[in-house]
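Peer 1: Before I ask anything, here is the structure I am working with.
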Number of protein chains: 2
Amino acid sequence: MNDFLTEMEYVGLTSRLKRLSDSLLYSTKELYKSEGLDIEPNWNLIFILLQENETMTITEISETLQFSHPAVVKIINKMKKNGHIETRTDTKDKRKQLLTLTEKAHKQLPVFEKYWTAGRKTVMDLLADSPHFLEEFLKIEEKLNQSDYKDRTLKNLKNDEHSN
Amino acid sequence: MNDFLTEMEYVGLTSRLKRLSDSLLYSTKELYKSEGLDIEPNWNLIFILLQENETMTITEISETLQFSHPAVVKIINKMKKNGHIETRTDTKDKRKQLLTLTEKAHKQLPVFEKYWTAGRKTVMDLLADSPHFLEEFLKIEEKLNQSDYKDRTLKNLKNDEHSN
DNA sequence: CCACATTAAGTAACTGGTTACGCAAATATA
DNA sequence: TATATTTGCGTAACCAGTTACTTAATGTGG
């Protein structure tokens with residue numbers, strides 16, 4: 001294979017994460033497009049959430065997914081335009097938009113689910129020879145949750161200065 | 001922690017990869033900004049390549065990093081604007097732009113390197129409790145290199161149909 | 001030697017994220 | 001009860017990537 005970023009070890013990892021994440025994203029979009037499906041990556045998550053909960057608000061979804069709320073707004077707007085989601089204003093709290101799946105969405109779900117199941121299978125296959133991956137990936141996320149890349153790096157810098 | 005995407009297991013992984021990759025990216029940018037450094041994420045890779053090779057072309061870099069060539073064009077344009085890179089046209093092949101580090105770049109390198117070393121340390125720390133991570137991550141990349149997400153998922157779909 | 005194919009690099013339009021800001025509604029406080 | 005704070009969500013501007021297209025230079029086969 002002989003990949004430069006891999007040879008860089010720790011230095012190349014963040015770029016490899018981006019590269020992998022992008023490649024999955026674009027490949028998923030291409031899949032849906034080539035199959036003529038009117039959905040996009042991440043929509044499966046919204047579908048799952050709105051099946052579980054009937055109605056949710058933008059803020060609830062953004063907290064659940066740990067995405068910024070403008071990101072969720074964008075996704076939801078697209079899903080509304082495609083007729084998969086409808087909104088109504090909460091009568092008790094007029095700031096809140098209550099989101100629900102439309103009839104159309106429920107009708108199309110079985111078809112979508114075939115693709116999502118196949119995609120899930122793909123990820124399983126990709127991870128088949130990597131039995132520690134999910135567990136170790138979680139550890140990294142948890143570490144970064146406690147102290148992010150910037151803070152950790154600044155601390156390393158300071159320690160390094162002191163040791164001179 | 002109780003993270004929805006984590007609970008989704010295989011289904012949530014691609015979004016978690018994006019989330020992690022983004023968080024590292026933005027945190028790195030913030031680090032450079034807060035320290036008043038006039039560099040951006042990924043530039044370290046270009047610096048390393050141009051120290052090793054003296055001159056390279058856009059295409060060579062994009063092949064080495066496995067980024068699309070427009071991505072490299074954008075990075076290089078920024079580095080040129082910041083005075084870190086200069087270009088001259090190859091006399092043998094006037095399509096090629098030969099890239100080299102400027103005097104200014106060489107002068108600032110030692111400062112940058114302090115930060116890059118600290119960042120490398122951060123990644124090492126993040127991976128400290130995940131001894132199989134790099135190895136298993138590579139396996140995933142290699143699998144996707146042989147057949148991408150779309151093709152694998154389409155194949156899974158077909159198999160599934162046949163088994164019914 | 002000329003027509004055609006390939007290659008290098010630049011540009012445009014788009015994508016899914018982000019932060020920063022603003023506004024209106026709800027809540028807390030003096 | 002009036003005022004200050006917080007909350008929900010929408011919008012703008014940005015960011016680092018992508019694909020698709022263009023142009024110019026080079027390489028190649030009849």
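As shown in the structure tokens, the chain order sets the letters A, B, ...; within each chain, residues go from 1, and ligands are also counted from 1 in the order they appear.
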Excluding segment 53-70 of chain A and its own-chain neighbours fewer than 6 positions away, which residues fall within 8 Å of it when counting only C-alpha atoms (C1' of nucleotides)? Please give them as a compact mmCIF listing (two decimals) with N, CA, C and O atoms (P, O5', C5', C4', C3', O3' and C1' of nucleotides), in the first residue's frame.
Peer 2:
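Now in result-v3.txt:
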```txt
# COMPACT_ATOMS: atom_id res chain seq x y z
N ILE A 46 -32.13 10.42 11.89
CA ILE A 46 -33.34 11.20 12.18
C ILE A 46 -34.57 10.30 12.12
O ILE A 46 -35.44 10.36 13.00
N LYS A 96 -40.60 26.42 20.21
CA LYS A 96 -40.25 25.04 19.81
C LYS A 96 -40.99 24.61 18.55
O LYS A 96 -42.18 24.86 18.38
N GLN A 97 -40.22 23.95 17.69
CA GLN A 97 -40.79 23.32 16.50
C GLN A 97 -40.88 21.82 16.75
O GLN A 97 -39.86 21.16 16.98
N LEU A 98 -42.09 21.29 16.71
CA LEU A 98 -42.26 19.86 16.91
C LEU A 98 -42.16 19.13 15.57
O LEU A 98 -42.92 19.42 14.65
N LEU A 99 -41.22 18.22 15.47
CA LEU A 99 -40.96 17.51 14.22
C LEU A 99 -41.59 16.13 14.26
O LEU A 99 -41.49 15.42 15.27
N THR A 100 -42.23 15.77 13.16
CA THR A 100 -42.75 14.40 13.04
C THR A 100 -42.52 13.89 11.62
O THR A 100 -42.39 14.67 10.69
N LEU A 101 -42.48 12.57 11.49
CA LEU A 101 -42.39 11.95 10.17
C LEU A 101 -43.73 12.06 9.47
O LEU A 101 -44.78 11.95 10.10
N ASP B 3 -24.07 7.95 24.77
CA ASP B 3 -24.13 8.63 23.48
C ASP B 3 -24.97 7.82 22.50
O ASP B 3 -24.72 6.64 22.28
N PHE B 4 -25.95 8.48 21.92
CA PHE B 4 -26.87 7.79 21.01
C PHE B 4 -26.14 7.10 19.86
O PHE B 4 -26.39 5.93 19.57
N LEU B 5 -25.21 7.80 19.25
CA LEU B 5 -24.50 7.21 18.11
C LEU B 5 -23.71 5.98 18.54
O LEU B 5 -23.61 5.01 17.79
N ARG B 19 -17.69 13.17 13.23
CA ARG B 19 -17.72 14.01 14.42
C ARG B 19 -16.33 14.13 15.02
O ARG B 19 -15.88 15.23 15.37
P DT C 18 -21.27 20.31 13.58
O5' DT C 18 -20.33 21.60 13.60
C5' DT C 18 -18.91 21.47 13.69
C4' DT C 18 -18.27 22.81 13.39
C3' DT C 18 -18.72 23.94 14.30
O3' DT C 18 -17.86 24.01 15.43
C1' DT C 18 -18.74 24.63 12.01
P DG D 8 -34.01 25.09 25.05
O5' DG D 8 -34.61 25.83 23.78
C5' DG D 8 -36.02 25.97 23.64
C4' DG D 8 -36.31 26.37 22.21
C3' DG D 8 -35.67 25.46 21.16
O3' DG D 8 -36.66 25.17 20.19
C1' DG D 8 -34.95 27.70 20.83
P DC D 9 -36.32 24.26 18.96
O5' DC D 9 -35.88 25.36 17.89
C5' DC D 9 -36.83 26.32 17.47
C4' DC D 9 -36.16 27.28 16.53
C3' DC D 9 -35.38 26.63 15.38
O3' DC D 9 -35.64 27.37 14.22
C1' DC D 9 -34.05 28.20 16.39
```
Peer 1: Might you pull out every residue within 12 Å of DA3 of chain C, with only C-alpha atoms (C1' of nucleotides) counted and same-chain residues fewer than 3 positions away left off, and present them as number ranges by chain?
Peer 2: D: 28-30
Peer 1: Can you list, as a PyMOL selection string, all residues belonging to chain B that DSSP tags as alpha helix (DSSP H)?
Peer 2: chain B and resi 4-7+13-34+43-53+58-65+69-81+103-127+133-146+149-162
Peer 1: Using only C-alpha atoms (C1' of nucleotides), find which residues of chain B lie within 12 Å of chain D and jot them down as a PDB file with all heavy atoms, in the first residue's frame.
Peer 2:
```pdb
ATOM      1  N   SER B  21     -13.393  13.536  13.511  1.00  0.00           N
ATOM      2  CA  SER B  21     -12.503  14.214  12.576  1.00  0.00           C
ATOM      3  C   SER B  21     -12.733  15.727  12.599  1.00  0.00           C
ATOM      4  O   SER B  21     -11.786  16.519  12.644  1.00  0.00           O
ATOM      5  CB  SER B  21     -12.715  13.623  11.185  1.00  0.00           C
ATOM      6  OG  SER B  21     -12.579  14.588  10.189  1.00  0.00           O
ATOM      7  N   ASP B  22     -13.990  16.134  12.605  1.00  0.00           N
ATOM      8  CA  ASP B  22     -14.309  17.564  12.692  1.00  0.00           C
ATOM      9  C   ASP B  22     -13.807  18.181  13.987  1.00  0.00           C
ATOM     10  O   ASP B  22     -13.260  19.278  13.993  1.00  0.00           O
ATOM     11  CB  ASP B  22     -15.829  17.781  12.584  1.00  0.00           C
ATOM     12  CG  ASP B  22     -16.296  17.803  11.137  1.00  0.00           C
ATOM     13  OD1 ASP B  22     -15.451  17.864  10.240  1.00  0.00           O
ATOM     14  OD2 ASP B  22     -17.515  17.746  10.915  1.00  0.00           O
ATOM     15  N   LEU B  25     -10.192  18.751  13.799  1.00  0.00           N
ATOM     16  CA  LEU B  25      -9.900  19.825  12.856  1.00  0.00           C
ATOM     17  C   LEU B  25     -10.126  21.200  13.480  1.00  0.00           C
ATOM     18  O   LEU B  25      -9.256  22.073  13.453  1.00  0.00           O
ATOM     19  CB  LEU B  25     -10.791  19.660  11.625  1.00  0.00           C
ATOM     20  CG  LEU B  25     -10.621  20.702  10.532  1.00  0.00           C
ATOM     21  CD1 LEU B  25      -9.293  20.534   9.838  1.00  0.00           C
ATOM     22  CD2 LEU B  25     -11.757  20.607   9.525  1.00  0.00           C
ATOM     23  N   TYR B  26     -11.315  21.391  14.056  1.00  0.00           N
ATOM     24  CA  TYR B  26     -11.651  22.709  14.607  1.00  0.00           C
ATOM     25  C   TYR B  26     -10.793  23.039  15.821  1.00  0.00           C
ATOM     26  O   TYR B  26     -10.428  24.184  16.038  1.00  0.00           O
ATOM     27  CB  TYR B  26     -13.142  22.772  14.924  1.00  0.00           C
ATOM     28  CG  TYR B  26     -13.979  22.967  13.693  1.00  0.00           C
ATOM     29  CD1 TYR B  26     -14.530  21.887  13.014  1.00  0.00           C
ATOM     30  CD2 TYR B  26     -14.170  24.241  13.157  1.00  0.00           C
ATOM     31  CE1 TYR B  26     -15.276  22.065  11.848  1.00  0.00           C
ATOM     32  CE2 TYR B  26     -14.912  24.430  12.003  1.00  0.00           C
ATOM     33  CZ  TYR B  26     -15.461  23.337  11.358  1.00  0.00           C
ATOM     34  OH  TYR B  26     -16.185  23.517  10.200  1.00  0.00           O
ATOM     35  N   LYS B  29      -7.440  24.213  14.553  1.00  0.00           N
ATOM     36  CA  LYS B  29      -7.510  25.587  14.055  1.00  0.00           C
ATOM     37  C   LYS B  29      -7.535  26.591  15.208  1.00  0.00           C
ATOM     38  O   LYS B  29      -6.861  27.608  15.177  1.00  0.00           O
ATOM     39  CB  LYS B  29      -8.772  25.769  13.202  1.00  0.00           C
ATOM     40  CG  LYS B  29      -8.715  25.095  11.851  1.00  0.00           C
ATOM     41  CD  LYS B  29      -9.984  25.313  11.061  1.00  0.00           C
ATOM     42  CE  LYS B  29     -10.141  26.739  10.606  1.00  0.00           C
ATOM     43  NZ  LYS B  29      -9.180  27.096   9.540  1.00  0.00           N
ATOM     44  N   GLU B  40      -2.243  26.437   9.324  1.00  0.00           N
ATOM     45  CA  GLU B  40      -3.508  25.726   9.416  1.00  0.00           C
ATOM     46  C   GLU B  40      -3.270  24.216   9.441  1.00  0.00           C
ATOM     47  O   GLU B  40      -2.164  23.756   9.151  1.00  0.00           O
ATOM     48  CB  GLU B  40      -4.381  26.093   8.209  1.00  0.00           C
ATOM     49  CG  GLU B  40      -4.510  27.595   8.040  1.00  0.00           C
ATOM     50  CD  GLU B  40      -5.795  28.010   7.356  1.00  0.00           C
ATOM     51  OE1 GLU B  40      -6.579  27.124   6.971  1.00  0.00           O
ATOM     52  OE2 GLU B  40      -6.005  29.229   7.221  1.00  0.00           O
ATOM     53  N   PRO B  41      -4.320  23.475   9.804  1.00  0.00           N
ATOM     54  CA  PRO B  41      -4.184  22.020   9.795  1.00  0.00           C
ATOM     55  C   PRO B  41      -3.739  21.533   8.411  1.00  0.00           C
ATOM     56  O   PRO B  41      -4.073  22.160   7.419  1.00  0.00           O
ATOM     57  CB  PRO B  41      -5.614  21.528  10.087  1.00  0.00           C
ATOM     58  CG  PRO B  41      -6.277  22.650  10.779  1.00  0.00           C
ATOM     59  CD  PRO B  41      -5.667  23.887  10.231  1.00  0.00           C
ATOM     60  N   ASN B  42      -3.011  20.465   8.368  1.00  0.00           N
ATOM     61  CA  ASN B  42      -2.519  19.837   7.130  1.00  0.00           C
ATOM     62  C   ASN B  42      -1.251  20.480   6.579  1.00  0.00           C
ATOM     63  O   ASN B  42      -0.523  19.827   5.818  1.00  0.00           O
ATOM     64  CB  ASN B  42      -3.572  19.848   5.994  1.00  0.00           C
ATOM     65  CG  ASN B  42      -4.589  18.745   6.141  1.00  0.00           C
ATOM     66  OD1 ASN B  42      -4.312  17.727   6.771  1.00  0.00           O
ATOM     67  ND2 ASN B  42      -5.756  18.929   5.585  1.00  0.00           N
ATOM     68  N   PHE B  67      -5.296  13.029  -1.579  1.00  0.00           N
ATOM     69  CA  PHE B  67      -6.332  14.063  -1.612  1.00  0.00           C
ATOM     70  C   PHE B  67      -6.622  14.349  -3.078  1.00  0.00           C
ATOM     71  O   PHE B  67      -5.794  14.105  -3.941  1.00  0.00           O
ATOM     72  CB  PHE B  67      -5.825  15.375  -0.988  1.00  0.00           C
ATOM     73  CG  PHE B  67      -5.663  15.357   0.500  1.00  0.00           C
ATOM     74  CD1 PHE B  67      -5.752  14.184   1.233  1.00  0.00           C
ATOM     75  CD2 PHE B  67      -5.393  16.544   1.186  1.00  0.00           C
ATOM     76  CE1 PHE B  67      -5.588  14.184   2.607  1.00  0.00           C
ATOM     77  CE2 PHE B  67      -5.227  16.549   2.568  1.00  0.00           C
ATOM     78  CZ  PHE B  67      -5.322  15.376   3.275  1.00  0.00           C
ATOM     79  N   SER B  68      -7.791  14.898  -3.370  1.00  0.00           N
ATOM     80  CA  SER B  68      -8.070  15.344  -4.735  1.00  0.00           C
ATOM     81  C   SER B  68      -7.141  16.512  -5.064  1.00  0.00           C
ATOM     82  O   SER B  68      -6.711  17.238  -4.175  1.00  0.00           O
ATOM     83  CB  SER B  68      -9.518  15.798  -4.852  1.00  0.00           C
ATOM     84  OG  SER B  68      -9.708  16.988  -4.115  1.00  0.00           O
ATOM     85  N   HIS B  69      -6.856  16.712  -6.352  1.00  0.00           N
ATOM     86  CA  HIS B  69      -5.897  17.773  -6.656  1.00  0.00           C
ATOM     87  C   HIS B  69      -6.455  19.169  -6.367  1.00  0.00           C
ATOM     88  O   HIS B  69      -5.697  20.030  -5.925  1.00  0.00           O
ATOM     89  CB  HIS B  69      -5.316  17.628  -8.082  1.00  0.00           C
ATOM     90  CG  HIS B  69      -6.061  18.321  -9.148  1.00  0.00           C
ATOM     91  ND1 HIS B  69      -7.016  17.685  -9.914  1.00  0.00           N
ATOM     92  CD2 HIS B  69      -6.037  19.611  -9.575  1.00  0.00           C
ATOM     93  CE1 HIS B  69      -7.531  18.547 -10.758  1.00  0.00           C
ATOM     94  NE2 HIS B  69      -6.962  19.723 -10.580  1.00  0.00           N
ATOM     95  N   PRO B  70      -7.766  19.426  -6.560  1.00  0.00           N
ATOM     96  CA  PRO B  70      -8.243  20.761  -6.169  1.00  0.00           C
ATOM     97  C   PRO B  70      -8.044  21.054  -4.676  1.00  0.00           C
ATOM     98  O   PRO B  70      -7.801  22.208  -4.300  1.00  0.00           O
ATOM     99  CB  PRO B  70      -9.729  20.709  -6.521  1.00  0.00           C
ATOM    100  CG  PRO B  70      -9.837  19.710  -7.611  1.00  0.00           C
ATOM    101  CD  PRO B  70      -8.823  18.660  -7.278  1.00  0.00           C
ATOM    102  N   ALA B  71      -8.138  20.027  -3.841  1.00  0.00           N
ATOM    103  CA  ALA B  71      -7.881  20.242  -2.409  1.00  0.00           C
ATOM    104  C   ALA B  71      -6.458  20.740  -2.203  1.00  0.00           C
ATOM    105  O   ALA B  71      -6.225  21.696  -1.447  1.00  0.00           O
ATOM    106  CB  ALA B  71      -8.112  18.940  -1.639  1.00  0.00           C
ATOM    107  N   VAL B  72      -5.522  20.137  -2.918  1.00  0.00           N
ATOM    108  CA  VAL B  72      -4.122  20.556  -2.781  1.00  0.00           C
ATOM    109  C   VAL B  72      -3.933  21.960  -3.333  1.00  0.00           C
ATOM    110  O   VAL B  72      -3.239  22.785  -2.731  1.00  0.00           O
ATOM    111  CB  VAL B  72      -3.189  19.550  -3.481  1.00  0.00           C
ATOM    112  CG1 VAL B  72      -1.745  20.015  -3.414  1.00  0.00           C
ATOM    113  CG2 VAL B  72      -3.335  18.165  -2.860  1.00  0.00           C
ATOM    114  N   VAL B  73      -4.564  22.257  -4.450  1.00  0.00           N
ATOM    115  CA  VAL B  73      -4.471  23.604  -5.022  1.00  0.00           C
ATOM    116  C   VAL B  73      -4.880  24.646  -3.985  1.00  0.00           C
ATOM    117  O   VAL B  73      -4.212  25.668  -3.798  1.00  0.00           O
ATOM    118  CB  VAL B  73      -5.359  23.735  -6.279  1.00  0.00           C
ATOM    119  CG1 VAL B  73      -5.475  25.179  -6.711  1.00  0.00           C
ATOM    120  CG2 VAL B  73      -4.807  22.884  -7.416  1.00  0.00           C
ATOM    121  N   LYS B  74      -5.970  24.362  -3.285  1.00  0.00           N
ATOM    122  CA  LYS B  74      -6.450  25.321  -2.287  1.00  0.00           C
ATOM    123  C   LYS B  74      -5.461  25.508  -1.150  1.00  0.00           C
ATOM    124  O   LYS B  74      -5.187  26.636  -0.727  1.00  0.00           O
ATOM    125  CB  LYS B  74      -7.788  24.844  -1.719  1.00  0.00           C
ATOM    126  CG  LYS B  74      -8.943  25.084  -2.661  1.00  0.00           C
ATOM    127  CD  LYS B  74     -10.256  24.724  -1.989  1.00  0.00           C
ATOM    128  CE  LYS B  74     -11.388  24.795  -3.010  1.00  0.00           C
ATOM    129  NZ  LYS B  74     -12.668  24.381  -2.439  1.00  0.00           N
ATOM    130  N   ILE B  75      -4.945  24.397  -0.636  1.00  0.00           N
ATOM    131  CA  ILE B  75      -3.968  24.493   0.450  1.00  0.00           C
ATOM    132  C   ILE B  75      -2.747  25.286  -0.002  1.00  0.00           C
ATOM    133  O   ILE B  75      -2.290  26.202   0.682  1.00  0.00           O
ATOM    134  CB  ILE B  75      -3.549  23.088   0.923  1.00  0.00           C
ATOM    135  CG1 ILE B  75      -4.743  22.348   1.541  1.00  0.00           C
ATOM    136  CG2 ILE B  75      -2.392  23.162   1.908  1.00  0.00           C
ATOM    137  CD1 ILE B  75      -4.491  20.874   1.821  1.00  0.00           C
ATOM    138  N   THR B  89       7.405  27.692 -12.893  1.00  0.00           N
ATOM    139  CA  THR B  89       6.971  26.740 -13.906  1.00  0.00           C
ATOM    140  C   THR B  89       8.155  25.896 -14.345  1.00  0.00           C
ATOM    141  O   THR B  89       9.257  26.418 -14.573  1.00  0.00           O
ATOM    142  CB  THR B  89       6.398  27.495 -15.117  1.00  0.00           C
ATOM    143  OG1 THR B  89       5.641  28.605 -14.645  1.00  0.00           O
ATOM    144  CG2 THR B  89       5.500  26.605 -15.929  1.00  0.00           C
ATOM    145  N   ASP B  90       7.935  24.622 -14.461  1.00  0.00           N
ATOM    146  CA  ASP B  90       8.967  23.702 -14.945  1.00  0.00           C
ATOM    147  C   ASP B  90       9.333  24.070 -16.379  1.00  0.00           C
ATOM    148  O   ASP B  90       8.463  24.274 -17.220  1.00  0.00           O
ATOM    149  CB  ASP B  90       8.417  22.265 -14.881  1.00  0.00           C
ATOM    150  CG  ASP B  90       9.500  21.230 -15.162  1.00  0.00           C
ATOM    151  OD1 ASP B  90      10.542  21.602 -15.752  1.00  0.00           O
ATOM    152  OD2 ASP B  90       9.325  20.066 -14.786  1.00  0.00           O
ATOM    153  N   THR B  91      10.634  24.189 -16.648  1.00  0.00           N
ATOM    154  CA  THR B  91      11.049  24.595 -17.995  1.00  0.00           C
ATOM    155  C   THR B  91      10.883  23.463 -19.010  1.00  0.00           C
ATOM    156  O   THR B  91      10.608  23.712 -20.179  1.00  0.00           O
ATOM    157  CB  THR B  91      12.520  25.055 -18.005  1.00  0.00           C
ATOM    158  OG1 THR B  91      13.303  24.080 -17.296  1.00  0.00           O
ATOM    159  CG2 THR B  91      12.669  26.410 -17.325  1.00  0.00           C
ATOM    160  N   LYS B  92      11.013  22.241 -18.540  1.00  0.00           N
ATOM    161  CA  LYS B  92      10.854  21.083 -19.444  1.00  0.00           C
ATOM    162  C   LYS B  92       9.375  20.832 -19.766  1.00  0.00           C
ATOM    163  O   LYS B  92       9.038  20.396 -20.852  1.00  0.00           O
ATOM    164  CB  LYS B  92      11.424  19.812 -18.794  1.00  0.00           C
ATOM    165  CG  LYS B  92      12.775  19.981 -18.130  1.00  0.00           C
ATOM    166  CD  LYS B  92      13.853  19.267 -18.902  1.00  0.00           C
ATOM    167  CE  LYS B  92      15.217  19.567 -18.252  1.00  0.00           C
ATOM    168  NZ  LYS B  92      16.340  19.072 -19.020  1.00  0.00           N
ATOM    169  N   ASP B  93       8.535  21.047 -18.774  1.00  0.00           N
ATOM    170  CA  ASP B  93       7.109  20.758 -18.954  1.00  0.00           C
ATOM    171  C   ASP B  93       6.317  21.908 -18.347  1.00  0.00           C
ATOM    172  O   ASP B  93       6.098  21.971 -17.146  1.00  0.00           O
ATOM    173  CB  ASP B  93       6.760  19.422 -18.259  1.00  0.00           C
ATOM    174  CG  ASP B  93       5.291  19.040 -18.461  1.00  0.00           C
ATOM    175  OD1 ASP B  93       4.494  19.923 -18.831  1.00  0.00           O
ATOM    176  OD2 ASP B  93       4.963  17.860 -18.248  1.00  0.00           O
ATOM    177  N   LYS B  94       5.902  22.804 -19.224  1.00  0.00           N
ATOM    178  CA  LYS B  94       5.341  24.065 -18.747  1.00  0.00           C
ATOM    179  C   LYS B  94       3.976  23.921 -18.093  1.00  0.00           C
ATOM    180  O   LYS B  94       3.406  24.895 -17.615  1.00  0.00           O
ATOM    181  CB  LYS B  94       5.264  25.071 -19.911  1.00  0.00           C
ATOM    182  CG  LYS B  94       6.615  25.638 -20.313  1.00  0.00           C
ATOM    183  CD  LYS B  94       6.528  26.380 -21.638  1.00  0.00           C
ATOM    184  CE  LYS B  94       7.889  26.415 -22.341  1.00  0.00           C
ATOM    185  NZ  LYS B  94       7.750  26.558 -23.807  1.00  0.00           N
ATOM    186  N   ARG B  95       3.425  22.692 -18.068  1.00  0.00           N
ATOM    187  CA  ARG B  95       2.180  22.506 -17.327  1.00  0.00           C
ATOM    188  C   ARG B  95       2.440  22.427 -15.831  1.00  0.00           C
ATOM    189  O   ARG B  95       1.604  22.766 -15.005  1.00  0.00           O
ATOM    190  CB  ARG B  95       1.513  21.189 -17.762  1.00  0.00           C
ATOM    191  CG  ARG B  95       0.995  21.218 -19.171  1.00  0.00           C
ATOM    192  CD  ARG B  95       0.590  19.823 -19.582  1.00  0.00           C
ATOM    193  NE  ARG B  95       1.694  18.875 -19.401  1.00  0.00           N
ATOM    194  CZ  ARG B  95       1.606  17.580 -19.669  1.00  0.00           C
ATOM    195  NH1 ARG B  95       0.465  17.056 -20.073  1.00  0.00           N
ATOM    196  NH2 ARG B  95       2.657  16.808 -19.506  1.00  0.00           N
ATOM    197  N   LYS B  96       3.633  21.981 -15.490  1.00  0.00           N
ATOM    198  CA  LYS B  96       3.933  21.696 -14.080  1.00  0.00           C
ATOM    199  C   LYS B  96       4.356  22.936 -13.301  1.00  0.00           C
ATOM    200  O   LYS B  96       5.146  23.750 -13.789  1.00  0.00           O
ATOM    201  CB  LYS B  96       5.049  20.653 -13.992  1.00  0.00           C
ATOM    202  CG  LYS B  96       4.631  19.278 -14.451  1.00  0.00           C
ATOM    203  CD  LYS B  96       5.759  18.286 -14.230  1.00  0.00           C
ATOM    204  CE  LYS B  96       5.356  16.902 -14.753  1.00  0.00           C
ATOM    205  NZ  LYS B  96       6.509  15.979 -14.777  1.00  0.00           N
TER     206      LYS B  96
END
```
Peer 1: Residues of chain C no more than 10 Å from chain A, counting only C-alpha atoms (C1' of nucleotides): send them over as a list of chain:residue names.
Peer 2: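 Taken together, these residues fit the definition: C:DT15, C:DG16, C:DG17, C:DT18, C:DT19, C:DA24, C:DA25, C:DA26.
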Peer 1: Report the closest atom pair, with its distance in Å rounded to one decimal, for each residue of chain A that has an atom no farther than 7 Å from chain B; count only C-alpha atoms, sort by chain and then rising residue number, and write it as CSV.
Peer 2:
```
residue,atom,partner,partner_atom,distance
A:Phe4,CA,B:Thr64,CA,6.1
A:Leu5,CA,B:Leu65,CA,6.5
A:Tyr10,CA,B:Arg120,CA,5.8
A:Val11,CA,B:Arg120,CA,5.6
A:Thr14,CA,B:Ser21,CA,6.5
A:Leu17,CA,B:Ser21,CA,5.7
A:Lys18,CA,B:Ser21,CA,5.3
A:Ser21,CA,B:Lys18,CA,5.3
A:Leu24,CA,B:Tyr149,CA,6.2
A:Ser27,CA,B:Lys150,CA,5.3
A:Thr28,CA,B:Lys150,CA,6.0
A:Leu31,CA,B:Lys150,CA,5.2
A:Thr64,CA,B:Phe4,CA,6.1
A:Leu65,CA,B:Phe4,CA,6.4
A:Ala118,CA,B:Thr153,CA,5.4
A:Gly119,CA,B:Thr153,CA,5.3
A:Arg120,CA,B:Val11,CA,5.6
A:Thr122,CA,B:Thr153,CA,5.7
A:Val123,CA,B:Tyr10,CA,5.9
A:Met124,CA,B:Tyr10,CA,6.4
A:Leu126,CA,B:Ile140,CA,5.7
A:Leu127,CA,B:Ile140,CA,6.8
A:Ser130,CA,B:Glu136,CA,5.1
A:His132,CA,B:His132,CA,6.7
A:Phe133,CA,B:Phe133,CA,6.2
A:Glu136,CA,B:Ser130,CA,5.1
A:Ile140,CA,B:Leu126,CA,5.7
A:Lys143,CA,B:Leu126,CA,6.7
A:Tyr149,CA,B:Ser27,CA,5.8
A:Lys150,CA,B:Leu31,CA,5.2
A:Arg152,CA,B:Thr122,CA,6.1
A:Thr153,CA,B:Gly119,CA,5.3
A:Asn156,CA,B:Ala118,CA,5.4
A:Leu157,CA,B:Ala118,CA,5.6
```
Peer 1: Determine which residues of chain B DSSP labels as strand (DSSP E) from the backbone of this structure, then write them out as a PyMOL selection string.
Peer 2: chain B and resi 85-89+97-101
Peer 1: Could you tell me how far atom CA of Thr102 of chain A sits from atom CA of Arg88 of chain A, in Å to one decimal place?
Peer 2: 12.0 Å
Peer 1: For atom CA of Phe112 of chain B and atom CA of Glu86 of chain B, determine how far apart the two atoms are, in Å to one decimal place.
Peer 2: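 About the pair atom CA of Phe112 of chain B and atom CA of Glu86 of chain B: they are 18.5 Å apart.
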